[in-house]
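*Asks:* If you scroll down you'll find the structure; I have some questions about it.
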Protein chains: 2
Amino acid sequence: MNTQYTIGLDYGTNSVRTLIVNAAHGREVGTAVWDYEHGEQGVVLSRDPNLARQHPADYVQGAEVSIKKALADARRNVRGFKSEQVVGIGVDTTGSTPLPVDLTGRPLALDKRFAKNPAAMAWLWKDHTGVAEAAEITELARKIRPHYLAKCGGTYSSEWFFSKILHCLRAAPEVFDAAYSWVECADWIPAMLTGTEAPEKLTVGVCAAGHKAMYNDDWGGYPDAEFLSRLHPKLGELRARLRERALSINSAAGGLTRAWAERTGLQPGIPVAVGAFDAHLGAVGAGITPGTLVKIIGTSTCDMMVVPLPKPAEQVSGSGKASADKGAAEHSEARVLADIPGLCGIVNGSILPGYHGLEAGQSAVGDIFNWFVNCLQPGGKKLGSHEELTARAAKLQPGESGLLALDWNNGNRTILVDQRLTGLLLGQTLHTTPAEIYRALIEATAFGALTIINRFEEYDVKVEQIVNCGGIAEKNPLVMQIYADVTGRPMMISRSAQTCALGAAIAGAVVAGAFPNCESAQRVMTGLKRQVFKPDPEAHAVYRELSGLYKGLHDAFGTKDWSGNLYDVMKELLEIRNHARS
Amino acid sequence: MNTQYTIGLDYGTNSVRTLIVNAAHGREVGTAVWDYEHGEQGVVLSRDPNLARQHPADYVQGAEVSIKKALADARRNVRGFKSEQVVGIGVDTTGSTPLPVDLTGRPLALDKRFAKNPAAMAWLWKDHTGVAEAAEITELARKIRPHYLAKCGGTYSSEWFFSKILHCLRAAPEVFDAAYSWVECADWIPAMLTGTEAPEKLTVGVCAAGHKAMYNDDWGGYPDAEFLSRLHPKLGELRARLRERALSINSAAGGLTRAWAERTGLQPGIPVAVGAFDAHLGAVGAGITPGTLVKIIGTSTCDMMVVPLPKPAEQVSGSGKASADKGAAEHSEARVLADIPGLCGIVNGSILPGYHGLEAGQSAVGDIFNWFVNCLQPGGKKLGSHEELTARAAKLQPGESGLLALDWNNGNRTILVDQRLTGLLLGQTLHTTPAEIYRALIEATAFGALTIINRFEEYDVKVEQIVNCGGIAEKNPLVMQIYADVTGRPMMISRSAQTCALGAAIAGAVVAGAFPNCESAQRVMTGLKRQVFKPDPEAHAVYRELSGLYKGLHDAFGTKDWSGNLYDVMKELLEIRNHARS
């Protein structure tokens, strides 16, 4: 039998990656990365620190260049490899990254008139210009549509679809008026490749729609026009120009156009899967299954879980053109899931068809370490590298520094869903060193991770194992060991270093018919590394004390209901420190 | 008339300075600094980070070398200067820095048997080995002698006389048993110069005794033997070997011995004033007077004020051998002063004879900036100097960083009197720069300074003007401007850069009879610089908001009684930041 390959197209914040995977066992045979050319490292910025955009021209060029280079790479790596052996494509992107499009589905920024207007570009996930609009949406929903909020953690974020569109309507009305509709990047890329950009042909993924745009089949898809009209009449009018139905990754958005086949050397007509966010397909690529928490640790984290839907008949999403998914229905834990406050979202079929997809996350993890090293530049150039700080931090005992930090330098996504939180470092003396602070920042992100695990379990989503992926999980064993020691749980690492692209390639394999469903593709194409970071009982005991202090600060600064006194916090840290040093 | 000069001998943490001053107008004509030779920069350390000692051999050699060098300097600077024109000597030292002495008053560390035993050396002010003993003393006093605590802020510190002696008794009993008595460095130096070291001849200063050893004429001097015995019977026995009466700086400890005259080239018999702490004589050298807060800003601060005693007849200290002090009695605000919680001490005659001496302070100021620059080393070597950070911090608007810090890296002296507090930095994002943190640390010390001013005024000690001295006041106009803007009060700078040594020289001039009292000597010998840092109303308005947030953190982490919620702190900082940037 002829070997089949699939492509995962992974659109990140600064670059796009193409990964070519052997569908028979998941081996990655070719890859290429193309850096976006617009803005700073692909991000268009302005004086407003909240603004972050991407130029869709980078999306177009990035697909062509990275696919061609990855195919060349595969030809170098695999004797006899032919691009005709690529049978399907999957796509993951950042999100919520919506872009305004015209009547033909063409992004406005590709029109000369708007080419340099940031409002006409893609509004990158980390754009926070819509803070006021997010608060407005949250407030209105709380009043008249509380069920909208229940599925997205109780607060609608400034990072999400409608906050951005409403902000555009207010801040750049000429762009809003010129746009026929708005499309998530995750939907626009498959549409571009399959010639289905036109709004009447467009396929929308349930991942983006469900997690960021309050889409839910229970209430007929996107928020109703009356609700949107209350925010702005023009937003209400937009409702009719959004798609009615959203699908999972086991559906195809269409077949590759002849034009794109020619540009890339792939076969025309091969199916392109419905797009999803990087984290969600990363979870697929890490082998997510009920009971497994997948942590994708990069500049921020996404913490993903799945819970089987109660009955196949009730599967309203992801039951489209593709194969049936029996795995979920057969799982003994299938049930209706309670809303979980503080989670970014619970969306049916957003990760795997047939399962609730649960998304949580920390707004900054690697970004905090990078801030410390690159922005604060402690310890001079020699001692201040990640490597040197890690080496020195690794020599410290838990609690020895006397420090405690909050991991909120970029706000708090889960469980507080509050962008208006900031960092905190406590316990510094006249002798506190850069390595001690570096370790305290790592520990802070570990306490943040623990807070998410606890939230899942408080709502009966049992975390049986934890699989980590992403650059930090790959490269920094100290971080993984601290996570194990803080949580008291073993930390496993995904076999692939490119789980998002691998997850996309799995979607490509499923829509190509290489597997009957996602679970069977996962079983073949994903795996774990041998090394497992096991918790050290003594370290865990110290961290249990520190976790309690972290929770005190977390609740004191992060919740309205907390009332108390922090008189003992510094004193207890000193006692823990003295004990650790003795 | 033959010009008269006096000498101020200023024993610091790392070195001793001799300053020669023209008594006619305060001009400084010669100076010399000698660095201690023992330990690290004069401080003997150990693995225990709380331990800090000085070797008394440095005191002896330091006096000889620095006096000789200063005389040579004066001869270079003033044509016809003769050492015979030096008519008196004053002495200031760090404190509480007690040293164990034998029956003859000789420090044990000068005995070969104990020369290398840190317990036999001088227990430097910043030695904190007696933390447990301080708590014990505080607890016992709270139970059976609450009035002892009322004069020293409600808590007996680990930095003070009896905490150190009791700790020696426990930790190094062989040293305690070998010691006949314990003498403050401020008392031992004048005794050394005048040959009055023997316990029956020793003159004790009210400054050290009153502020650090619970000495008060109201209860018959030092704490009673019963109280001390309850701590340890041997401490009770020590009571009989302490002096009965303590004097102010307008009294002479004696005349310079022939031996010291020969060693230095000074005239034998010239009077040496009773010693006092550097901060107290610094306040004298800065021209302290009722209504004037003198801030001595160095690694830490001392914040000094004087309030006239009610009636000359009630003057129990400082009315010894020297001239009468009419100034205080004539002052209209003369009154009995209420105890002020959190002040390091209220001691009659400890600064100026005839006045209550009030001492407050911050445990770290320059030390915090030095920690940031030297220990954290932010911004690489080039951008991380005090100068560069100051230059960049000066360009920031108040509130612009969104940061708020507590100045507790070395605990909090006034008003919380709590060593077991630590630093806190709040509000950092992914973009926070070293200069922003540097400014936040300066601001934190300014809020700490304001807290002290407020405490004085809450207890009816009106702060009419503020005179700053010390290295930071001299060299960093940004710090002074921020202090003005935060407090809303003009900041003045003492004319002399060596106010402690100048204050000592003033004491030397008074005991030599060059002036009838300290006030008249101050009027002639001290002054202010022309430059005054005036508060900017707009900056002050922003800092009033930030002060409120600082107070919230201060009370939340520093006081037992506080109960509340900090949910708004980060959000308000962001609002202030956004407003400052708009």
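Ordered as shown in the structure tokens, chains take letters A, B, and onward, while each chain numbers its residues from 1 and ligands are numbered from 1 in the order shown.
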With a cut-off of 8 Å, could you pull out the residues of chain B touching chain A and give me the nearest pair of atoms for each, distance in Å to one decimal, using only C-alpha atoms, ordered by chain and ascending number, as CSV?

*Replies:*
residue,atom,partner,partner_atom,distance
B:Asp367,CA,A:Leu430,CA,6.9
B:Ile368,CA,A:Leu430,CA,6.4
B:Trp371,CA,A:Leu430,CA,5.4
B:Cys375,CA,A:Thr433,CA,6.1
B:Leu376,CA,A:Pro434,CA,5.5
B:Gln377,CA,A:Gly379,CA,4.7
B:Pro378,CA,A:Pro378,CA,4.0
B:Gly379,CA,A:Gln377,CA,4.7
B:Gly380,CA,A:Gly380,CA,4.2
B:Lys381,CA,A:Gly380,CA,5.7
B:Trp408,CA,A:Thr429,CA,7.7
B:Asn409,CA,A:Thr429,CA,4.1
B:Asn410,CA,A:Thr429,CA,5.8
B:Arg420,CA,A:Lys571,CA,5.6
B:Leu421,CA,A:Met570,CA,5.7
B:Thr422,CA,A:Gly427,CA,4.8
B:Gly423,CA,A:Gln428,CA,4.7
B:Leu424,CA,A:Leu426,CA,4.3
B:Leu425,CA,A:Leu425,CA,5.1
B:Leu426,CA,A:Leu424,CA,4.3
B:Gly427,CA,A:Thr422,CA,4.8
B:Gln428,CA,A:Gly423,CA,4.7
B:Thr429,CA,A:Asn409,CA,4.1
B:Leu430,CA,A:Trp371,CA,5.4
B:His431,CA,A:Cys375,CA,6.9
B:Thr432,CA,A:Cys375,CA,7.2
B:Thr433,CA,A:Leu376,CA,5.8
B:Pro434,CA,A:Leu376,CA,5.5
B:Ala556,CA,A:Leu566,CA,5.5
B:Phe557,CA,A:Tyr567,CA,4.5
B:Gly558,CA,A:Tyr567,CA,5.5
B:Thr559,CA,A:Tyr567,CA,5.8
B:Lys560,CA,A:Tyr567,CA,5.7
B:Asp561,CA,A:Asn565,CA,7.8
B:Trp562,CA,A:Asn565,CA,6.0
B:Ser563,CA,A:Gly564,CA,4.9
B:Gly564,CA,A:Ser563,CA,4.9
B:Asn565,CA,A:Ser563,CA,5.1
B:Leu566,CA,A:Phe557,CA,4.8
B:Tyr567,CA,A:Phe557,CA,4.5
B:Asp568,CA,A:Phe557,CA,7.4
B:Val569,CA,A:Phe557,CA,7.2
B:Met570,CA,A:Leu421,CA,5.7
B:Lys571,CA,A:Arg420,CA,5.6
B:Leu574,CA,A:Arg420,CA,7.3

*Asks:* I need the residues of segment 392-498 of chain A that end up classed as strand (DSSP E) by DSSP on the backbone, written out as a list in words.

*Replies:* Leu404, Ala405, Leu406, Gly423, Leu424, Leu425, Leu426, Gly427, Gln428, Gln465, Ile466, Val467, Asn468, Cys469, Met491, Met492, Ile493 and Ser494 of chain A

*Asks:* Grab the atom CA of Val284 of chain A to atom CA of Ser157 of chain A distance for me, in Å with one decimal place.

*Replies:*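 Computed distance, atom CA of Val284 of chain A to atom CA of Ser157 of chain A, equals 24.7 Å.
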
*Asks:* Just the residues within 12 Å of Glu200 of chain B, please, counting only C-alpha atoms, with nothing from its chain fewer than 5 positions along; format it as an MDAnalysis selection string.

*Replies:* chainID B and resid 103:105 180:181 191 195 240:245

*Asks:* Take the residues just selected and output them with C-alpha atoms as an mmCIF file, in the first residue's frame.

*Replies:*
data_model
loop_
_atom_site.group_PDB
_atom_site.id
_atom_site.type_symbol
_atom_site.label_atom_id
_atom_site.label_comp_id
_atom_site.auth_asym_id
_atom_site.auth_seq_id
_atom_site.Cartn_x
_atom_site.Cartn_y
_atom_site.Cartn_z
ATOM 1 C CA LEU B 103 36.717 44.463 85.002
ATOM 2 C CA THR B 104 39.014 47.209 83.694
ATOM 3 C CA GLY B 105 36.650 48.164 80.889
ATOM 4 C CA TYR B 180 32.265 42.036 83.729
ATOM 5 C CA SER B 181 29.868 44.346 81.953
ATOM 6 C CA ALA B 191 35.994 56.368 77.675
ATOM 7 C CA GLY B 195 40.907 56.774 80.239
ATOM 8 C CA ALA B 240 24.265 46.272 89.379
ATOM 9 C CA ARG B 241 27.252 46.626 87.075
ATOM 10 C CA LEU B 242 25.520 49.153 84.782
ATOM 11 C CA ARG B 243 25.783 52.889 85.530
ATOM 12 C CA GLU B 244 23.062 54.637 87.465
ATOM 13 C CA ARG B 245 22.911 57.847 85.523
#

*Asks:* Find, counting only C-alpha atoms, the residue in B:Pro100, B:Pro398, B:Gly548, B:Gly255 that gets nearest to Arg581 of chain B.

*Replies:*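 Comparing B:Pro100, B:Pro398, B:Gly548, B:Gly255 against Arg581 of chain B, the winner is B:Pro398.
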
*Asks:* Hey, what's within 9 Å of Leu235 of chain B if we count only C-alpha atoms and toss same-chain stuff fewer than 6 positions away? As a PyMOL selection string, please?

*Replies:* chain B and resi 162+165-166+169+225+228-229

*Asks:* What's around Ala135 of chain A at 10 Å? Count only C-alpha atoms, leave out sequence neighbours fewer than 6 positions away in its own chain, and write the answer as a ChimeraX atom specification.

*Replies:* /A:141,155-158,163

*Asks:* Need the shell around Ile7 of chain B: protein/DNA/RNA residues with any atom at most 12 Å away, counting only C-alpha atoms. Skip same-chain ones fewer than 5 positions apart. Format as number ranges by chain?

*Replies:* B: 17-23, 26-32, 63, 66-68, 70-71, 74, 83-92, 266, 270-273, 500-512

*Asks:* Take atom CA of Cys185 of chain A and atom CA of Pro98 of chain A and report the distance between them in Å, one decimal.

*Replies:*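 These two atoms are separated by 5.8 Å.
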